[in-house]
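Participant: I am sharing data-v1.txt, which consists of compact mmCIF, C-alpha atoms (C1' of nucleotides):
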# COMPACT_ATOMS: atom_id res chain seq x y z
CA MET Z 118 0.00 0.00 0.00
CA ALA Z 119 1.36 3.31 -0.97
CA ALA Z 120 -0.54 5.41 1.47
CA LEU Z 121 -0.69 3.38 4.61
CA ASP Z 122 1.84 2.40 7.20
CA ASN Z 123 0.38 -0.44 9.19
CA SER Z 124 3.71 -1.77 10.39
CA GLY Z 125 3.03 -0.53 13.89
CA THR Z 126 1.26 -1.85 16.92
CA ILE Z 127 -2.40 -1.90 17.92
CA ASP Z 128 -3.91 0.23 15.24
CA ILE Z 129 -6.53 2.88 15.74
CA SER Z 130 -8.27 1.45 12.71
CA GLU Z 131 -8.65 -1.82 14.58
CA GLN Z 132 -10.20 0.06 17.43
CA ILE Z 133 -12.59 1.87 15.13
CA LYS Z 134 -13.54 -1.43 13.54
CA ALA Z 135 -14.29 -2.82 16.95
CA LEU Z 136 -16.86 -0.06 17.41
CA ALA Z 137 -18.18 -0.30 13.88
CA ASN Z 138 -20.71 -2.97 14.72
CA PRO Z 139 -24.00 -1.90 16.29
CA TYR Z 140 -24.07 -4.77 18.74
CA ARG Z 141 -20.54 -4.14 19.95
CA LEU Z 142 -21.20 -0.45 20.33
CA LYS Z 143 -24.39 -1.14 22.25
CA MET Z 144 -22.71 -3.68 24.50
CA LEU Z 145 -19.93 -1.26 25.31
CA GLU Z 146 -22.56 1.34 26.16
CA TRP Z 147 -24.25 -1.15 28.46
CA LEU Z 148 -20.98 -1.92 30.16
CA MET Z 149 -20.35 1.76 30.79
CA ASP Z 150 -23.48 1.88 32.93
CA PRO Z 151 -24.10 -1.71 33.93
CA LYS Z 152 -26.42 -0.98 36.84
CA SER Z 153 -28.90 0.57 34.47
CA HIS Z 154 -28.88 -2.40 32.17
CA PHE Z 155 -28.31 -5.57 34.15
CA PRO Z 156 -29.53 -7.17 37.36
CA GLU Z 157 -27.13 -7.67 40.22
CA GLN Z 158 -24.86 -10.68 40.06
CA LEU Z 159 -24.27 -13.20 42.80
CA ASP Z 160 -20.54 -13.73 42.62
CA ALA Z 161 -19.39 -10.46 41.13
CA ASP Z 162 -20.02 -6.74 41.24
CA LEU Z 163 -21.43 -5.18 38.09
CA VAL Z 164 -19.12 -2.18 38.30
CA GLU Z 165 -16.02 -3.60 39.93
CA ASP Z 166 -15.89 -6.90 38.12
CA GLY Z 167 -18.01 -6.36 35.04
CA VAL Z 168 -20.91 -8.14 33.40
CA CYS Z 169 -20.99 -11.84 32.65
CA VAL Z 170 -21.34 -13.19 29.13
CA GLY Z 171 -24.69 -14.75 29.92
CA PHE Z 172 -26.28 -11.43 30.75
CA LEU Z 173 -24.86 -9.82 27.65
CA THR Z 174 -26.08 -12.74 25.56
CA GLU Z 175 -29.59 -12.51 26.90
CA LYS Z 176 -29.82 -8.77 26.46
CA ALA Z 177 -28.31 -8.71 22.99
CA GLY Z 178 -30.56 -11.45 21.68
CA LEU Z 179 -27.68 -13.17 19.93
CA SER Z 180 -26.20 -16.60 20.47
CA GLN Z 181 -23.64 -17.02 23.19
CA PRO Z 182 -20.75 -17.78 20.81
CA THR Z 183 -21.55 -14.68 18.80
CA VAL Z 184 -21.49 -12.55 21.93
CA THR Z 185 -18.22 -14.12 23.02
CA SER Z 186 -16.76 -13.29 19.64
CA HIS Z 187 -17.93 -9.70 19.86
CA MET Z 188 -16.53 -9.30 23.34
CA GLN Z 189 -13.20 -10.73 22.29
CA LYS Z 190 -13.01 -8.15 19.55
CA LEU Z 191 -13.73 -5.39 22.04
CA ALA Z 192 -11.03 -6.86 24.28
CA ARG Z 193 -8.50 -7.06 21.45
CA ALA Z 194 -9.18 -3.39 20.82
CA ARG Z 195 -8.53 -2.76 24.52
CA PHE Z 196 -11.93 -1.29 25.17
CA VAL Z 197 -12.74 -3.95 27.75
CA THR Z 198 -10.93 -6.28 30.07
CA SER Z 199 -12.13 -9.68 31.19
CA LYS Z 200 -11.90 -11.51 34.48
CA LYS Z 201 -12.88 -15.08 35.24
CA ILE Z 202 -14.59 -15.84 38.54
CA LYS Z 203 -15.74 -19.39 39.10
CA ASN Z 204 -17.53 -20.35 35.92
CA TRP Z 205 -18.21 -16.86 34.71
CA VAL Z 206 -16.26 -14.43 32.62
CA TYR Z 207 -16.92 -10.78 33.35
CA TYR Z 208 -16.28 -7.99 30.91
CA ARG Z 209 -15.64 -4.50 32.11
CA PRO Z 210 -14.86 -1.33 30.17
CA ASP Z 211 -11.34 0.03 30.29
CA GLN Z 212 -12.10 3.69 30.67
CA MET Z 213 -8.51 4.79 30.40
CA GLN Z 214 -8.09 3.07 27.05
CA ILE Z 215 -11.41 4.41 25.85
CA GLU Z 216 -10.35 7.91 26.75
CA ASN Z 217 -7.02 7.43 25.00
CA PHE Z 218 -8.81 6.24 21.93
CA LEU Z 219 -11.23 9.15 21.86
CA GLN Z 220 -8.40 11.62 22.11
CA ALA Z 221 -6.35 9.86 19.50
CA LEU Z 222 -9.30 9.86 17.14
CA ARG Z 223 -9.94 13.52 17.76
CA GLY Z 224 -6.29 14.22 17.16
CA ARG Z 225 -6.59 12.70 13.74
CA ILE Z 226 -9.79 14.08 12.34
CA ALA Z 227 -10.40 17.30 14.26
CA PRO Z 228 -8.65 20.59 13.45
CA MET V 71 -33.15 -7.56 16.59
CA ALA V 72 -33.89 -7.53 20.23
CA ALA V 73 -31.19 -5.17 21.31
CA LEU V 74 -30.97 -2.65 18.56
CA ASP V 75 -33.23 0.10 17.40
CA ASN V 76 -32.04 1.23 14.01
CA SER V 77 -35.35 2.77 13.00
CA GLY V 78 -33.90 6.24 13.32
CA THR V 79 -31.96 8.60 11.13
CA ILE V 80 -28.33 8.73 10.09
CA ASP V 81 -26.82 6.23 12.43
CA ILE V 82 -23.65 6.77 14.40
CA SER V 83 -22.74 3.21 13.48
CA GLU V 84 -22.75 4.22 9.84
CA GLN V 85 -20.41 7.05 10.68
CA ILE V 86 -18.09 4.76 12.60
CA LYS V 87 -18.10 2.33 9.70
CA ALA V 88 -17.11 5.14 7.40
CA LEU V 89 -14.00 5.64 9.51
CA ALA V 90 -13.32 1.95 9.93
CA ASN V 91 -11.27 1.68 6.78
CA PRO V 92 -7.64 2.76 6.91
CA TYR V 93 -7.77 4.49 3.54
CA ARG V 94 -10.87 6.45 4.38
CA LEU V 95 -9.43 7.50 7.72
CA LYS V 96 -6.19 8.54 6.06
CA MET V 97 -7.96 10.47 3.34
CA LEU V 98 -10.05 12.32 5.89
CA GLU V 99 -6.85 13.17 7.74
CA TRP V 100 -5.36 14.50 4.52
CA LEU V 101 -8.42 16.59 3.89
CA MET V 102 -8.18 18.12 7.34
CA ASP V 103 -4.80 19.58 6.42
CA PRO V 104 -4.78 19.62 2.64
CA LYS V 105 -1.95 22.13 2.22
CA SER V 106 0.41 19.68 3.91
CA HIS V 107 -0.56 16.83 1.66
CA PHE V 108 -1.45 18.15 -1.78
CA PRO V 109 -0.10 20.62 -4.31
CA GLU V 110 -2.06 23.73 -5.11
CA GLN V 111 -4.89 23.38 -7.62
CA LEU V 112 -5.54 25.58 -10.61
CA ASP V 113 -9.29 26.02 -10.48
CA ALA V 114 -9.97 25.56 -6.80
CA ASP V 115 -8.60 26.33 -3.38
CA LEU V 116 -7.42 23.38 -1.31
CA VAL V 117 -9.01 24.70 1.87
CA GLU V 118 -12.06 26.58 0.61
CA ASP V 119 -13.12 24.14 -2.08
CA GLY V 120 -11.43 20.90 -1.13
CA VAL V 121 -9.25 18.36 -2.87
CA CYS V 122 -10.04 16.81 -6.22
CA VAL V 123 -10.50 13.08 -6.68
CA GLY V 124 -7.46 12.84 -8.90
CA PHE V 125 -5.12 14.02 -6.18
CA LEU V 126 -6.66 11.70 -3.63
CA THR V 127 -6.38 8.83 -6.09
CA GLU V 128 -2.73 9.45 -6.78
CA LYS V 129 -1.81 9.82 -3.12
CA ALA V 130 -3.80 6.81 -1.97
CA GLY V 131 -2.39 4.52 -4.61
CA LEU V 132 -5.80 3.04 -5.35
CA SER V 133 -7.84 3.08 -8.52
CA GLN V 134 -10.01 6.09 -9.22
CA PRO V 135 -13.30 4.18 -8.89
CA THR V 136 -12.20 2.84 -5.53
CA VAL V 137 -11.36 6.30 -4.27
CA THR V 138 -14.66 7.65 -5.54
CA SER V 139 -16.43 4.90 -3.66
CA HIS V 140 -14.53 5.68 -0.48
CA MET V 141 -15.26 9.37 -0.75
CA GLN V 142 -18.93 8.71 -1.31
CA LYS V 143 -19.02 6.71 1.87
CA LEU V 144 -17.39 9.55 3.76
CA ALA V 145 -19.94 11.89 2.22
CA ARG V 146 -22.87 9.66 3.14
CA ALA V 147 -21.58 9.72 6.69
CA ARG V 148 -21.50 13.53 6.45
CA PHE V 149 -17.80 13.79 7.16
CA VAL V 150 -17.17 15.50 3.84
CA THR V 151 -19.04 17.57 1.31
CA SER V 152 -18.40 17.67 -2.39
CA LYS V 153 -18.47 20.44 -4.95
CA LYS V 154 -18.12 20.21 -8.70
CA ILE V 155 -16.11 22.86 -10.54
CA LYS V 156 -15.60 22.39 -14.24
CA ASN V 157 -14.51 18.81 -14.67
CA TRP V 158 -13.38 18.25 -11.13
CA VAL V 159 -15.11 17.16 -7.97
CA TYR V 160 -13.64 18.52 -4.76
CA TYR V 161 -14.07 16.93 -1.39
CA ARG V 162 -13.80 18.98 1.75
CA PRO V 163 -14.22 17.96 5.40
CA ASP V 164 -17.33 19.09 7.24
CA GLN V 165 -15.77 20.09 10.51
CA MET V 166 -19.06 20.79 12.20
CA GLN V 167 -20.33 17.30 11.47
CA ILE V 168 -17.04 15.78 12.52
CA GLU V 169 -17.21 17.61 15.82
CA ASN V 170 -20.80 16.53 16.33
CA PHE V 171 -19.79 12.96 15.68
CA LEU V 172 -16.87 13.04 18.09
CA GLN V 173 -19.06 14.41 20.83
CA ALA V 174 -21.82 11.93 20.13
CA LEU V 175 -19.34 9.08 20.26
CA ARG V 176 -17.88 10.35 23.50
CA GLY V 177 -21.37 10.68 24.91
CA ARG V 178 -21.94 7.01 24.26
CA ILE V 179 -18.78 5.33 25.43
CA ALA V 180 -17.24 7.73 27.92
CA PRO V 181 -18.43 8.04 31.52
C1' DA U 249 -19.21 18.11 -33.98
C1' DT U 250 -15.38 15.70 -32.05
C1' DT U 251 -12.22 14.79 -28.86
C1' DG U 252 -10.27 14.59 -24.34
C1' DC U 253 -10.54 14.85 -19.39
C1' DA U 254 -12.32 13.95 -14.75
C1' DC U 255 -15.27 11.52 -12.31
C1' DA U 256 -19.29 8.14 -11.66
C1' DT U 257 -21.40 3.74 -12.29
C1' DC U 258 -21.48 -1.21 -13.28
C1' DG U 259 -20.23 -5.94 -12.70
C1' DG U 260 -17.46 -9.27 -10.83
C1' DA U 261 -13.82 -11.45 -7.88
C1' DA U 262 -11.47 -11.86 -3.58
C1' DT U 263 -11.54 -11.23 1.17
C1' DA U 264 -13.63 -10.10 5.63
C1' DT U 265 -17.40 -10.16 8.87
C1' DA U 266 -21.35 -11.93 11.33
C1' DT U 267 -23.95 -15.52 12.67
C1' DC U 268 -25.37 -20.03 13.85
C1' DT U 269 -25.02 -25.08 15.53
C1' DA U 270 -22.22 -28.48 17.44
C1' DT U 271 -18.65 -29.53 20.40
C1' DA U 272 -14.77 -28.77 23.62
C1' DT U 273 -13.01 -27.05 28.06
C1' DA U 274 -12.68 -25.64 32.74
C1' DG U 275 -14.44 -25.15 37.06
C1' DA U 276 -17.98 -26.24 40.66
C1' DT U 277 -20.98 -29.47 42.73
C1' DA U 278 -23.08 -33.65 43.86
C1' DT R 203 -15.78 -39.58 39.85
C1' DA R 204 -19.55 -37.98 37.30
C1' DT R 205 -22.15 -34.30 36.06
C1' DC R 206 -23.67 -29.76 35.40
C1' DT R 207 -22.82 -24.90 34.07
C1' DA R 208 -20.70 -21.06 31.76
C1' DT R 209 -17.83 -19.85 28.32
C1' DA R 210 -14.64 -20.85 24.36
C1' DT R 211 -13.56 -22.91 20.02
C1' DA R 212 -14.47 -25.03 15.48
C1' DG R 213 -16.72 -25.29 11.25
C1' DA R 214 -20.12 -23.81 8.03
C1' DT R 215 -22.91 -20.41 5.65
C1' DA R 216 -24.68 -15.94 4.41
C1' DT R 217 -23.77 -11.30 3.80
C1' DA R 218 -20.83 -7.22 3.47
C1' DT R 219 -16.72 -4.97 2.09
C1' DT R 220 -13.00 -3.84 -0.85
C1' DC R 221 -11.00 -3.54 -5.02
C1' DC R 222 -10.34 -3.45 -9.99
C1' DG R 223 -11.21 -3.08 -15.13
C1' DA R 224 -14.58 -1.63 -18.35
C1' DT R 225 -17.82 1.60 -19.52
C1' DG R 226 -20.93 5.70 -19.05
C1' DT R 227 -21.59 10.83 -18.31
C1' DG R 228 -20.91 15.63 -18.46
C1' DC R 229 -18.27 19.36 -19.43
C1' DA R 230 -14.69 21.99 -21.98
C1' DA R 231 -11.70 22.90 -25.59
C1' DT R 232 -10.58 22.22 -29.96
As structure tokens, how would this structure be written, given the file I've shared?

Facilitator:
Amino acid sequence: MAALDNSGTIDISEQIKALANPYRLKMLEWLMDPKSHFPEQLDADLVEDGVCVGFLTEKAGLSQPTVTSHMQKLARARFVTSKKIKNWVYYRPDQMQIENFLQALRGRIAP
Amino acid sequence: MAALDNSGTIDISEQIKALANPYRLKMLEWLMDPKSHFPEQLDADLVEDGVCVGFLTEKAGLSQPTVTSHMQKLARARFVTSKKIKNWVYYRPDQMQIENFLQALRGRIAP
DNA sequence: ATTGCACATCGGAATATATCTATATAGATA
DNA sequence: TATCTATATAGATATATTCCGATGTGCAAT
């Protein structure tokens, strides 16, 4: 490619792609305010630990493997982190990385 | 879809998708600072009128139809406007819309 | 009128993405 | 140990995206 230099690390384009799916964007929104969107969990705190895949699956109305795949893409883009407790995997937004991304994006396309 | 309500207007997801291609992102970056990336034009001003498809095509290293397609996607997402002068079509960033988008995105995924 | 130029549109091929079902895995419980 | 539960992985299919070459369109200059 003449115009692009992708030789680097974790690309901002990968991060944008991670947000470029309506379900992933919605799920990230839910995770940002989990108490408004999910019931309390027995073995984990919605805010501290995150939201389990089962809850996300039910709310999204997709199959569990599809939701897992979406969440892994959000994780690869560093927008969320995951933590396993007992049988559950909890996804939680990484607000620092999200903020970094927003500023990086603004730096590119704003004056 | 259980989780999504796309019945509305010009979706933010469409805007994100428009940025989710490395060439489109790059070209929008170029357009934000056209004097740094393109030579002066005879019949139009780089800043006031925008950059012609030919220049974008040459710099991107893609075919002209591909660049046209990319630019149309950016235009559909309202990130750029286009103006025809003589034989040329000039694309220019819509900074107001870009700012609106950035704030809308922040409003969704930032605390 | 004819030609040439710049861009748009069309059609098709290659690749990527999204989704599902079926199955595997890991941890907890009986 | 055997089983259940929650999530991950694998494989398949449908759709979307990206890209190009060929062709169409509109305007300008000859």

Participant: Taking (-10.6, 19.9, -4.6) in the coordinates of the supplied file, I want to know which residues reach to within 12 Å of it, counting all atoms listed in the file; could you give the answer as a PyMOL selection string?

Facilitator: (chain V and resi 100-101+104-105+108-127+150-163) or (chain U and resi 254)

Participant: Could you please give me, as a list in words, the residues of protein, DNA or RNA lying at most 12 Å from (-10.7, -1.8, -16.1) in the coordinate frame of the file, considering all atoms listed in the file?

Facilitator: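 Within 12 Å of (-10.7, -1.8, -16.1), the protein and nucleic acid residues are Ser133, Gln134, Pro135 and Thr136 of chain V; DC258, DG259 and DG260 of chain U; DC221, DC222, DG223, DA224 and DT225 of chain R.
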
Participant: Grab the atom CA of V:Lys143 to atom CA of V:Ala174 distance for me, in Å with one decimal place.

Facilitator: 19.2 Å

Participant: To one decimal in Å, tell me the separation between atom CA of Z:Glu131 and atom CA of Z:Arg195.

Facilitator: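 Atom CA of Z:Arg195 lies at a distance of 10.0 Å from atom CA of Z:Glu131.
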
Participant: Could you tell me how far atom CA of V:Gly177 lies from atom CA of V:Asp164, in Å and to one decimal?

Facilitator: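 Going from atom CA of V:Gly177 over to atom CA of V:Asp164, I get 20.0 Å.
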
Participant: Give the residues of chain U that lie within 10 Å of chain V; count only C-alpha atoms (C1' of nucleotides), and format the answer as a list in words.

Facilitator: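 That gives the following set of residues: DC253, DA254, DC255, DA256 and DT257 of chain U.
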
Participant: At the level of C-alpha atoms (C1' of nucleotides), write chain R to a file as a PDB file, in the first residue's frame, please.

Facilitator:
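Written out: selection-v5.pdb:
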ATOM      1  C1'  DT R 203     -15.784 -39.581  39.850  1.00  0.00           C
ATOM      2  C1'  DA R 204     -19.545 -37.976  37.300  1.00  0.00           C
ATOM      3  C1'  DT R 205     -22.154 -34.299  36.062  1.00  0.00           C
ATOM      4  C1'  DC R 206     -23.670 -29.755  35.396  1.00  0.00           C
ATOM      5  C1'  DT R 207     -22.822 -24.905  34.068  1.00  0.00           C
ATOM      6  C1'  DA R 208     -20.696 -21.063  31.763  1.00  0.00           C
ATOM      7  C1'  DT R 209     -17.828 -19.854  28.320  1.00  0.00           C
ATOM      8  C1'  DA R 210     -14.639 -20.851  24.363  1.00  0.00           C
ATOM      9  C1'  DT R 211     -13.558 -22.908  20.024  1.00  0.00           C
ATOM     10  C1'  DA R 212     -14.470 -25.034  15.482  1.00  0.00           C
ATOM     11  C1'  DG R 213     -16.721 -25.287  11.246  1.00  0.00           C
ATOM     12  C1'  DA R 214     -20.117 -23.808   8.027  1.00  0.00           C
ATOM     13  C1'  DT R 215     -22.905 -20.408   5.652  1.00  0.00           C
ATOM     14  C1'  DA R 216     -24.676 -15.941   4.412  1.00  0.00           C
ATOM     15  C1'  DT R 217     -23.774 -11.303   3.803  1.00  0.00           C
ATOM     16  C1'  DA R 218     -20.826  -7.225   3.466  1.00  0.00           C
ATOM     17  C1'  DT R 219     -16.725  -4.965   2.089  1.00  0.00           C
ATOM     18  C1'  DT R 220     -13.001  -3.838  -0.852  1.00  0.00           C
ATOM     19  C1'  DC R 221     -10.998  -3.541  -5.019  1.00  0.00           C
ATOM     20  C1'  DC R 222     -10.342  -3.448  -9.988  1.00  0.00           C
ATOM     21  C1'  DG R 223     -11.213  -3.077 -15.131  1.00  0.00           C
ATOM     22  C1'  DA R 224     -14.582  -1.631 -18.355  1.00  0.00           C
ATOM     23  C1'  DT R 225     -17.816   1.596 -19.521  1.00  0.00           C
ATOM     24  C1'  DG R 226     -20.926   5.701 -19.054  1.00  0.00           C
ATOM     25  C1'  DT R 227     -21.590  10.833 -18.312  1.00  0.00           C
ATOM     26  C1'  DG R 228     -20.913  15.634 -18.459  1.00  0.00           C
ATOM     27  C1'  DC R 229     -18.268  19.358 -19.426  1.00  0.00           C
ATOM     28  C1'  DA R 230     -14.692  21.990 -21.982  1.00  0.00           C
ATOM     29  C1'  DA R 231     -11.703  22.901 -25.594  1.00  0.00           C
ATOM     30  C1'  DT R 232     -10.584  22.223 -29.960  1.00  0.00           C
TER      31       DT R 232
END
